[in-house]
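J.: Next comes structure.tsv, TSV, N, CA and C atoms:
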chain	number	residue	atom	x	y	z
A	1	ILE	N	13.65	17.10	-15.83
A	1	ILE	CA	13.08	17.42	-17.13
A	1	ILE	C	11.96	18.44	-16.96
A	2	ALA	N	11.12	18.24	-15.94
A	2	ALA	CA	10.03	19.19	-15.71
A	2	ALA	C	10.57	20.57	-15.35
A	3	ALA	N	11.67	20.61	-14.59
A	3	ALA	CA	12.27	21.89	-14.22
A	3	ALA	C	12.84	22.60	-15.44
A	4	VAL	N	13.48	21.86	-16.32
A	4	VAL	CA	14.03	22.46	-17.53
A	4	VAL	C	12.91	23.00	-18.42
A	5	ARG	N	11.85	22.22	-18.57
A	5	ARG	CA	10.70	22.68	-19.36
A	5	ARG	C	10.07	23.93	-18.75
A	6	ALA	N	9.94	23.93	-17.41
A	6	ALA	CA	9.36	25.10	-16.73
A	6	ALA	C	10.25	26.32	-16.91
A	7	ALA	N	11.56	26.14	-16.84
A	7	ALA	CA	12.49	27.25	-17.02
A	7	ALA	C	12.39	27.82	-18.44
A	8	HIS	N	12.23	26.96	-19.43
A	8	HIS	CA	12.10	27.42	-20.82
A	8	HIS	C	10.81	28.21	-21.03
A	9	ARG	N	9.77	27.85	-20.26
A	9	ARG	CA	8.49	28.55	-20.38
A	9	ARG	C	8.42	29.79	-19.49
A	10	GLY	N	9.46	30.01	-18.70
A	10	GLY	CA	9.47	31.16	-17.80
A	10	GLY	C	8.67	30.94	-16.53
A	11	GLU	N	8.41	29.69	-16.21
A	11	GLU	CA	7.66	29.36	-14.99
A	11	GLU	C	8.64	29.09	-13.86
A	12	ARG	N	8.09	28.92	-12.66
A	12	ARG	CA	8.94	28.60	-11.50
A	12	ARG	C	9.50	27.20	-11.65
A	13	TRP	N	10.78	27.06	-11.36
A	13	TRP	CA	11.44	25.77	-11.53
A	13	TRP	C	12.33	25.39	-10.36
A	14	GLY	N	12.53	26.26	-9.39
A	14	GLY	CA	13.44	26.01	-8.28
A	14	GLY	C	13.05	24.80	-7.44
A	15	TRP	N	11.77	24.71	-7.08
A	15	TRP	CA	11.33	23.58	-6.25
A	15	TRP	C	11.40	22.27	-7.02
A	16	LEU	N	11.20	22.32	-8.32
A	16	LEU	CA	11.31	21.10	-9.12
A	16	LEU	C	12.75	20.58	-9.13
A	17	ILE	N	13.72	21.49	-9.24
A	17	ILE	CA	15.13	21.09	-9.16
A	17	ILE	C	15.43	20.51	-7.78
A	18	PHE	N	14.95	21.20	-6.74
A	18	PHE	CA	15.17	20.72	-5.38
A	18	PHE	C	14.59	19.31	-5.20
A	19	GLU	N	13.36	19.10	-5.69
A	19	GLU	CA	12.73	17.78	-5.56
A	19	GLU	C	13.54	16.73	-6.32
A	20	GLY	N	14.01	17.08	-7.51
A	20	GLY	CA	14.81	16.13	-8.28
A	20	GLY	C	16.09	15.74	-7.58
A	21	ILE	N	16.76	16.72	-6.96
A	21	ILE	CA	18.00	16.44	-6.24
A	21	ILE	C	17.73	15.56	-5.03
A	22	VAL	N	16.67	15.89	-4.27
A	22	VAL	CA	16.32	15.08	-3.10
A	22	VAL	C	15.96	13.65	-3.52
A	23	ASP	N	15.23	13.50	-4.64
A	23	ASP	CA	14.88	12.17	-5.14
A	23	ASP	C	16.12	11.38	-5.53
A	24	LEU	N	17.09	12.04	-6.18
A	24	LEU	CA	18.33	11.35	-6.54
A	24	LEU	C	19.12	10.92	-5.31
A	25	ILE	N	19.16	11.77	-4.30
A	25	ILE	CA	19.85	11.42	-3.05
A	25	ILE	C	19.17	10.24	-2.38
A	26	ALA	N	17.83	10.28	-2.32
A	26	ALA	CA	17.09	9.16	-1.71
A	26	ALA	C	17.32	7.87	-2.48
A	27	GLY	N	17.35	7.94	-3.81
A	27	GLY	CA	17.63	6.76	-4.61
A	27	GLY	C	19.02	6.21	-4.38
A	28	ALA	N	20.00	7.11	-4.26
A	28	ALA	CA	21.38	6.67	-4.00
A	28	ALA	C	21.48	6.01	-2.63
A	29	ILE	N	20.81	6.59	-1.63
A	29	ILE	CA	20.82	5.98	-0.29
A	29	ILE	C	20.20	4.60	-0.34
A	30	ALA	N	19.11	4.44	-1.08
A	30	ALA	CA	18.44	3.14	-1.18
A	30	ALA	C	19.34	2.11	-1.84
A	31	VAL	N	20.16	2.53	-2.80
A	31	VAL	CA	21.05	1.60	-3.48
A	31	VAL	C	22.25	1.26	-2.59
A	32	VAL	N	22.82	2.27	-1.93
A	32	VAL	CA	24.03	2.06	-1.14
A	32	VAL	C	23.72	1.38	0.20
A	33	TRP	N	22.62	1.78	0.84
A	33	TRP	CA	22.25	1.23	2.16
A	33	TRP	C	20.84	0.67	2.13
A	34	PRO	N	20.63	-0.49	1.52
A	34	PRO	CA	19.26	-1.02	1.41
A	34	PRO	C	18.63	-1.38	2.76
A	35	VAL	N	19.44	-1.80	3.73
A	35	VAL	CA	18.88	-2.16	5.03
A	35	VAL	C	18.34	-0.93	5.74
A	36	ILE	N	19.08	0.16	5.67
A	36	ILE	CA	18.59	1.41	6.28
A	36	ILE	C	17.31	1.87	5.59
A	37	THR	N	17.26	1.72	4.27
A	37	THR	CA	16.06	2.08	3.53
A	37	THR	C	14.88	1.24	3.98
A	38	LEU	N	15.12	-0.05	4.17
A	38	LEU	CA	14.06	-0.94	4.64
A	38	LEU	C	13.60	-0.53	6.04
A	39	LEU	N	14.55	-0.22	6.92
A	39	LEU	CA	14.18	0.19	8.28
A	39	LEU	C	13.35	1.48	8.25
A	40	VAL	N	13.75	2.42	7.44
A	40	VAL	CA	12.99	3.68	7.35
A	40	VAL	C	11.59	3.41	6.84
A	41	LEU	N	11.46	2.52	5.85
A	41	LEU	CA	10.14	2.18	5.34
A	41	LEU	C	9.27	1.55	6.42
A	42	VAL	N	9.84	0.62	7.18
A	42	VAL	CA	9.08	-0.03	8.24
A	42	VAL	C	8.71	0.98	9.33
A	43	TRP	N	9.64	1.87	9.69
A	43	TRP	CA	9.32	2.90	10.68
A	43	TRP	C	8.23	3.84	10.17
A	44	LEU	N	8.29	4.18	8.90
A	44	LEU	CA	7.26	5.03	8.32
A	44	LEU	C	5.90	4.33	8.37
A	45	MET	N	5.88	3.04	8.05
A	45	MET	CA	4.64	2.29	8.12
A	45	MET	C	4.13	2.20	9.56
A	46	GLY	N	5.05	2.02	10.51
A	46	GLY	CA	4.65	1.98	11.92
A	46	GLY	C	4.06	3.30	12.38
A	47	GLY	N	4.72	4.39	12.03
A	47	GLY	CA	4.19	5.70	12.38
A	47	GLY	C	2.84	5.96	11.76
A	48	TRP	N	2.70	5.58	10.49
A	48	TRP	CA	1.43	5.76	9.79
A	48	TRP	C	0.33	4.93	10.46
A	49	ALA	N	0.64	3.70	10.85
A	49	ALA	CA	-0.35	2.85	11.51
A	49	ALA	C	-0.78	3.45	12.84
A	50	ILE	N	0.15	4.02	13.58
A	50	ILE	CA	-0.19	4.62	14.87
A	50	ILE	C	-1.08	5.85	14.67
A	51	VAL	N	-0.68	6.71	13.77
A	51	VAL	CA	-1.46	7.94	13.52
A	51	VAL	C	-2.86	7.60	13.04
A	52	THR	N	-2.97	6.72	12.06
A	52	THR	CA	-4.30	6.39	11.54
A	52	THR	C	-5.13	5.64	12.58
A	53	GLY	N	-4.48	4.81	13.39
A	53	GLY	CA	-5.21	4.11	14.45
A	53	GLY	C	-5.78	5.06	15.48
A	54	VAL	N	-4.96	6.02	15.91
A	54	VAL	CA	-5.44	7.02	16.88
A	54	VAL	C	-6.58	7.83	16.27
A	55	LEU	N	-6.44	8.24	15.02
A	55	LEU	CA	-7.50	9.00	14.36
A	55	LEU	C	-8.79	8.17	14.24
A	56	LEU	N	-8.66	6.89	14.01
A	56	LEU	CA	-9.82	6.02	13.93
A	56	LEU	C	-10.52	5.90	15.28
A	57	ILE	N	-9.73	5.79	16.35
A	57	ILE	CA	-10.31	5.72	17.69
A	57	ILE	C	-11.03	7.02	18.03
A	58	VAL	N	-10.40	8.15	17.74
A	58	VAL	CA	-11.02	9.45	18.00
A	58	VAL	C	-12.30	9.58	17.18
A	59	ALA	N	-12.26	9.16	15.93
A	59	ALA	CA	-13.45	9.24	15.07
A	59	ALA	C	-14.57	8.36	15.59
A	60	SER	N	-14.21	7.23	16.21
A	60	SER	CA	-15.26	6.34	16.73
A	60	SER	C	-16.03	7.00	17.86
A	61	PHE	N	-15.38	7.85	18.65
A	61	PHE	CA	-16.09	8.56	19.72
A	61	PHE	C	-17.02	9.62	19.15
A	62	ARG	N	-16.71	10.12	17.96
A	62	ARG	CA	-17.54	11.15	17.35
A	62	ARG	C	-18.63	10.56	16.46
A	63	LEU	N	-18.63	9.24	16.32
A	63	LEU	CA	-19.61	8.57	15.48
A	63	LEU	C	-21.00	8.73	16.08
A	64	ILE	N	-21.93	9.18	15.28
A	64	ILE	CA	-23.29	9.41	15.76
A	64	ILE	C	-24.01	8.09	16.02
A	65	ILE	N	-23.85	7.15	15.12
A	65	ILE	CA	-24.52	5.85	15.24
A	65	ILE	C	-23.73	4.98	16.21
A	66	GLN	N	-24.42	4.41	17.19
A	66	GLN	CA	-23.77	3.57	18.19
A	66	GLN	C	-23.39	2.20	17.63
A	67	HIS	N	-24.21	1.72	16.70
A	67	HIS	CA	-24.01	0.38	16.16
A	67	HIS	C	-22.70	0.31	15.38
A	68	GLY	N	-21.81	-0.57	15.75
A	68	GLY	CA	-20.56	-0.76	15.05
A	68	GLY	C	-19.42	0.10	15.56
A	69	ARG	N	-19.67	0.94	16.56
A	69	ARG	CA	-18.61	1.81	17.09
A	69	ARG	C	-17.45	0.98	17.63
A	70	TRP	N	-17.77	-0.11	18.30
A	70	TRP	CA	-16.72	-0.93	18.90
A	70	TRP	C	-15.82	-1.54	17.83
A	71	LEU	N	-16.37	-1.83	16.64
A	71	LEU	CA	-15.53	-2.36	15.56
A	71	LEU	C	-14.55	-1.30	15.07
A	72	MET	N	-15.01	-0.06	15.02
A	72	MET	CA	-14.14	1.03	14.62
A	72	MET	C	-13.02	1.23	15.65
A	73	MET	N	-13.39	1.15	16.92
A	73	MET	CA	-12.39	1.28	17.99
A	73	MET	C	-11.41	0.11	17.95
A	74	LEU	N	-11.92	-1.09	17.70
A	74	LEU	CA	-11.07	-2.27	17.63
A	74	LEU	C	-10.07	-2.15	16.48
A	75	GLY	N	-10.56	-1.70	15.33
A	75	GLY	CA	-9.68	-1.49	14.19
A	75	GLY	C	-8.59	-0.48	14.49
A	76	GLY	N	-8.96	0.61	15.16
A	76	GLY	CA	-7.97	1.62	15.55
A	76	GLY	C	-6.96	1.08	16.53
A	77	ALA	N	-7.43	0.30	17.51
A	77	ALA	CA	-6.52	-0.27	18.50
A	77	ALA	C	-5.55	-1.26	17.85
A	78	ILE	N	-6.05	-2.07	16.94
A	78	ILE	CA	-5.18	-3.02	16.24
A	78	ILE	C	-4.14	-2.27	15.42
A	79	SER	N	-4.55	-1.20	14.80
A	79	SER	CA	-3.62	-0.39	14.00
A	79	SER	C	-2.52	0.21	14.89
A	80	VAL	N	-2.91	0.72	16.05
A	80	VAL	CA	-1.93	1.31	16.98
A	80	VAL	C	-0.97	0.22	17.48
A	81	ILE	N	-1.49	-0.93	17.85
A	81	ILE	CA	-0.65	-2.02	18.34
A	81	ILE	C	0.33	-2.47	17.24
A	82	TRP	N	-0.19	-2.61	16.01
A	82	TRP	CA	0.68	-2.99	14.89
A	82	TRP	C	1.79	-1.97	14.68
A	83	GLY	N	1.43	-0.69	14.74
A	83	GLY	CA	2.43	0.36	14.57
A	83	GLY	C	3.50	0.33	15.64
A	84	ILE	N	3.09	0.12	16.88
A	84	ILE	CA	4.06	0.05	17.99
A	84	ILE	C	4.99	-1.15	17.80
A	85	LEU	N	4.41	-2.29	17.41
A	85	LEU	CA	5.25	-3.47	17.18
A	85	LEU	C	6.25	-3.25	16.05
A	86	LEU	N	5.82	-2.55	14.99
A	86	LEU	CA	6.75	-2.25	13.90
A	86	LEU	C	7.88	-1.34	14.37
A	87	LEU	N	7.56	-0.38	15.23
A	87	LEU	CA	8.60	0.53	15.72
A	87	LEU	C	9.55	-0.19	16.69
A	88	LEU	N	9.03	-1.11	17.48
A	88	LEU	CA	9.88	-1.81	18.44
A	88	LEU	C	10.77	-2.86	17.78
A	89	TRP	N	10.25	-3.59	16.83
A	89	TRP	CA	10.99	-4.66	16.17
A	89	TRP	C	10.89	-4.49	14.65
A	90	PRO	N	11.60	-3.51	14.10
A	90	PRO	CA	11.45	-3.23	12.66
A	90	PRO	C	11.91	-4.36	11.75
A	91	LEU	N	12.97	-5.08	12.12
A	91	LEU	CA	13.43	-6.16	11.25
A	91	LEU	C	12.45	-7.33	11.25
A	92	HIS	N	11.88	-7.63	12.41
A	92	HIS	CA	10.84	-8.65	12.45
A	92	HIS	C	9.63	-8.19	11.64
A	93	GLY	N	9.33	-6.91	11.75
A	93	GLY	CA	8.22	-6.34	10.98
A	93	GLY	C	8.45	-6.46	9.50
A	94	ALA	N	9.69	-6.23	9.06
A	94	ALA	CA	10.01	-6.35	7.64
A	94	ALA	C	9.84	-7.79	7.17
A	95	LEU	N	10.27	-8.73	8.03
A	95	LEU	CA	10.11	-10.15	7.68
A	95	LEU	C	8.64	-10.53	7.60
A	96	VAL	N	7.85	-10.06	8.56
A	96	VAL	CA	6.42	-10.35	8.55
A	96	VAL	C	5.77	-9.73	7.32
A	97	LEU	N	6.14	-8.49	6.99
A	97	LEU	CA	5.59	-7.85	5.80
A	97	LEU	C	5.94	-8.64	4.54
A	98	THR	N	7.13	-9.20	4.50
A	98	THR	CA	7.54	-10.00	3.35
A	98	THR	C	6.67	-11.25	3.24
A	99	TRP	N	6.45	-11.91	4.36
A	99	TRP	CA	5.61	-13.12	4.34
A	99	TRP	C	4.17	-12.78	3.96
A	100	TRP	N	3.64	-11.69	4.50
A	100	TRP	CA	2.27	-11.29	4.15
A	100	TRP	C	2.18	-10.95	2.67
A	101	MET	N	3.19	-10.28	2.14
A	101	MET	CA	3.19	-9.94	0.72
A	101	MET	C	3.25	-11.21	-0.12
A	102	ALA	N	4.06	-12.17	0.30
A	102	ALA	CA	4.14	-13.43	-0.44
A	102	ALA	C	2.81	-14.17	-0.38
A	103	GLY	N	2.19	-14.21	0.78
A	103	GLY	CA	0.88	-14.86	0.91
A	103	GLY	C	-0.17	-14.19	0.06
A	104	TYR	N	-0.16	-12.87	0.07
A	104	TYR	CA	-1.10	-12.11	-0.75
A	104	TYR	C	-0.90	-12.44	-2.22
A	105	ALA	N	0.34	-12.41	-2.68
A	105	ALA	CA	0.62	-12.67	-4.08
A	105	ALA	C	0.19	-14.09	-4.46
A	106	LEU	N	0.44	-15.05	-3.58
A	106	LEU	CA	0.06	-16.43	-3.85
A	106	LEU	C	-1.46	-16.57	-3.97
A	107	PHE	N	-2.20	-16.09	-2.96
A	107	PHE	CA	-3.65	-16.24	-2.98
A	107	PHE	C	-4.29	-15.40	-4.09
A	108	PHE	N	-3.77	-14.22	-4.34
A	108	PHE	CA	-4.31	-13.38	-5.40
A	108	PHE	C	-4.09	-14.04	-6.76
A	109	GLY	N	-2.89	-14.57	-6.97
A	109	GLY	CA	-2.60	-15.24	-8.23
A	109	GLY	C	-3.46	-16.47	-8.43
A	110	VAL	N	-3.63	-17.28	-7.39
A	110	VAL	CA	-4.48	-18.48	-7.50
A	110	VAL	C	-5.92	-18.09	-7.79
A	111	SER	N	-6.43	-17.05	-7.11
A	111	SER	CA	-7.81	-16.64	-7.35
A	111	SER	C	-7.99	-16.15	-8.79
A	112	LEU	N	-7.01	-15.44	-9.33
A	112	LEU	CA	-7.12	-15.01	-10.73
A	112	LEU	C	-7.06	-16.19	-11.70
A	113	LEU	N	-6.25	-17.19	-11.38
A	113	LEU	CA	-6.22	-18.38	-12.23
A	113	LEU	C	-7.54	-19.13	-12.19
A	114	VAL	N	-8.13	-19.26	-11.01
A	114	VAL	CA	-9.43	-19.91	-10.89
A	114	VAL	C	-10.47	-19.15	-11.70
A	115	LEU	N	-10.47	-17.82	-11.58
A	115	LEU	CA	-11.39	-16.99	-12.34
A	115	LEU	C	-11.18	-17.18	-13.85
A	116	ALA	N	-9.93	-17.22	-14.28
A	116	ALA	CA	-9.64	-17.39	-15.70
A	116	ALA	C	-10.19	-18.71	-16.23
A	117	PHE	N	-10.01	-19.79	-15.47
A	117	PHE	CA	-10.52	-21.07	-15.93
A	117	PHE	C	-12.04	-21.12	-15.92
A	118	LYS	N	-12.67	-20.48	-14.94
A	118	LYS	CA	-14.14	-20.43	-14.91
A	118	LYS	C	-14.67	-19.63	-16.11
A	119	LEU	N	-14.04	-18.51	-16.39
A	119	LEU	CA	-14.47	-17.71	-17.54
A	119	LEU	C	-14.26	-18.47	-18.84
A	120	ARG	N	-13.17	-19.19	-18.93
A	120	ARG	CA	-12.91	-19.98	-20.15
A	120	ARG	C	-13.95	-21.06	-20.31
A	121	ARG	N	-14.33	-21.73	-19.21
A	121	ARG	CA	-15.34	-22.77	-19.26
A	121	ARG	C	-16.69	-22.19	-19.69
A	122	ARG	N	-17.01	-21.01	-19.18
A	122	ARG	CA	-18.27	-20.36	-19.57
A	122	ARG	C	-18.25	-19.95	-21.03
A	123	ARG	N	-17.09	-19.48	-21.50
A	123	ARG	CA	-16.96	-19.10	-22.91
A	123	ARG	C	-17.15	-20.32	-23.80
A	124	ASP	N	-16.57	-21.45	-23.40
A	124	ASP	CA	-16.68	-22.66	-24.20
A	124	ASP	C	-18.11	-23.20	-24.22
A	125	ALA	N	-18.91	-22.88	-23.20
A	125	ALA	CA	-20.29	-23.36	-23.13
A	125	ALA	C	-21.25	-22.49	-23.94
A	126	LEU	N	-20.81	-21.32	-24.38
A	126	LEU	CA	-21.68	-20.43	-25.15
A	126	LEU	C	-21.87	-20.96	-26.57
A	127	PRO	N	-23.06	-20.72	-27.14
A	127	PRO	CA	-23.23	-21.09	-28.55
A	127	PRO	C	-22.34	-20.22	-29.43
A	128	PRO	N	-21.90	-20.73	-30.57
A	128	PRO	CA	-20.96	-19.99	-31.42
A	128	PRO	C	-21.47	-18.63	-31.86
A	129	ASP	N	-22.78	-18.45	-32.02
A	129	ASP	CA	-23.29	-17.17	-32.49
A	129	ASP	C	-23.24	-16.09	-31.40
A	130	MET	N	-23.04	-16.48	-30.13
A	130	MET	CA	-22.94	-15.50	-29.05
A	130	MET	C	-21.51	-15.06	-28.77
A	131	LEU	N	-20.54	-15.73	-29.37
A	131	LEU	CA	-19.14	-15.39	-29.17
A	131	LEU	C	-18.77	-14.15	-29.97
A	132	PRO	N	-17.90	-13.29	-29.42
A	132	PRO	CA	-17.44	-12.14	-30.20
A	132	PRO	C	-16.61	-12.61	-31.39
A	133	GLN	N	-16.52	-11.78	-32.41
A	133	GLN	CA	-15.75	-12.13	-33.60
A	133	GLN	C	-14.29	-12.35	-33.25
A	134	GLY	N	-13.71	-13.40	-33.74
A	134	GLY	CA	-12.29	-13.70	-33.52
A	134	GLY	C	-12.03	-14.50	-32.26
A	135	ALA	N	-13.07	-14.89	-31.52
A	135	ALA	CA	-12.85	-15.63	-30.26
A	135	ALA	C	-12.83	-17.10	-30.51
Just dump the structure as structure tokens.
T.:
Amino acid sequence: IAAVRAAHRGERWGWLIFEGIVDLIAGAIAVVWPVITLLVLVWLMGGWAIVTGVLLIVASFRLIIQHGRWLMMLGGAISVIWGILLLLWPLHGALVLTWWMAGYALFFGVSLLVLAFKLRRRRDALPPDMLPQGA
């Protein structure tokens, strides 16, 4: 749609068409071969973890303040190790990511429910003249 609009306005539209075609191909691959898509995602995450971990370690050596440098190095090392593990065992990595996502969703949801009940209790304790209209 953006390419068609750009073409009507006389703007460049070739790269937009190319991007749209590549996106459609990637979507079709994800639908037809979901396991390969999952593996590519895990490999991408592993590569990203390695790159960012190495950059964090390098940045820790350039850190002017000595205090806390080891924590920065530790974080980088953990990131590199995690990335290597994801590249070596991508299916295990996908399973672990699924469990972590489920744990996150569970704890996040419970914390929001606790917050909602606390806010409701505080609202109920307010005098009626302090409540917003319609509450």
J.: In Å, with one decimal, what is the gap from atom C of A:Leu91 to atom C of A:Thr37?
T.: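 For atom C of A:Leu91 relative to atom C of A:Thr37, the distance reads 11.5 Å.
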J.: By how many Å are atom C of A:Gly20 and atom C of A:Trp43 apart?
T.: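 Pair atom C of A:Gly20 / atom C of A:Trp43 returns 22.8 Å.
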J.: Could you please determine the separation between atom N of A:Val42 and atom C of A:Ile84 in Å, to one decimal place?
T.: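 Atom-to-atom, atom N of A:Val42 to atom C of A:Ile84, that is 11.8 Å.
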J.: Which residue out of A:Leu88, A:Val80, A:Leu74, A:Val31 has the minimum interatomic distance to A:Ser60 when only C-alpha atoms are used?
T.: A:Leu74
J.: Leaving out A:Leu16 and any residue of its chain fewer than 5 positions from it, which residues lie within 6.5 Å of it when counting all atoms listed in the file, given as a list in words?
T.: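 Using all atoms listed in the file, the neighbours found are Ala2, Ala3 and Ile21 of chain A.
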J.: If we count only N, CA and C atoms, what is near A:Ala49 at a cut-off of 7 Å, once residues fewer than 2 positions away on the same chain are taken out, given as a list in words?
T.: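 Counting only N, CA and C atoms, the residues come to Leu44, Met45, Gly46, Gly47, Val51, Thr52, Gly53, Val54, Ser79, Val80, Ile81, Trp82, Gly83 and Ile84 of chain A.
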J.: I need the residues from that last selection saved to file as a CSV table (one decimal), in the frame of the given file (with N, CA and C atoms), if you can.
T.:
chain,number,residue,atom,x,y,z
A,44,LEU,N,8.3,4.2,8.9
A,44,LEU,CA,7.3,5.0,8.3
A,44,LEU,C,5.9,4.3,8.4
A,45,MET,N,5.9,3.0,8.0
A,45,MET,CA,4.6,2.3,8.1
A,45,MET,C,4.1,2.2,9.6
A,46,GLY,N,5.0,2.0,10.5
A,46,GLY,CA,4.6,2.0,11.9
A,46,GLY,C,4.1,3.3,12.4
A,47,GLY,N,4.7,4.4,12.0
A,47,GLY,CA,4.2,5.7,12.4
A,47,GLY,C,2.8,6.0,11.8
A,51,VAL,N,-0.7,6.7,13.8
A,51,VAL,CA,-1.5,7.9,13.5
A,51,VAL,C,-2.9,7.6,13.0
A,52,THR,N,-3.0,6.7,12.1
A,52,THR,CA,-4.3,6.4,11.5
A,52,THR,C,-5.1,5.6,12.6
A,53,GLY,N,-4.5,4.8,13.4
A,53,GLY,CA,-5.2,4.1,14.4
A,53,GLY,C,-5.8,5.1,15.5
A,54,VAL,N,-5.0,6.0,15.9
A,54,VAL,CA,-5.4,7.0,16.9
A,54,VAL,C,-6.6,7.8,16.3
A,79,SER,N,-4.6,-1.2,14.8
A,79,SER,CA,-3.6,-0.4,14.0
A,79,SER,C,-2.5,0.2,14.9
A,80,VAL,N,-2.9,0.7,16.0
A,80,VAL,CA,-1.9,1.3,17.0
A,80,VAL,C,-1.0,0.2,17.5
A,81,ILE,N,-1.5,-0.9,17.8
A,81,ILE,CA,-0.6,-2.0,18.3
A,81,ILE,C,0.3,-2.5,17.2
A,82,TRP,N,-0.2,-2.6,16.0
A,82,TRP,CA,0.7,-3.0,14.9
A,82,TRP,C,1.8,-2.0,14.7
A,83,GLY,N,1.4,-0.7,14.7
A,83,GLY,CA,2.4,0.4,14.6
A,83,GLY,C,3.5,0.3,15.6
A,84,ILE,N,3.1,0.1,16.9
A,84,ILE,CA,4.1,0.0,18.0
A,84,ILE,C,5.0,-1.2,17.8
J.: Which residue out of A:Ile78, A:Leu106, A:Ile29, A:Leu24 has the minimum interatomic distance to A:Ile50 when only N, CA and C atoms are used?
T.: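 That would be A:Ile78, the residue with the smallest distance to A:Ile50.
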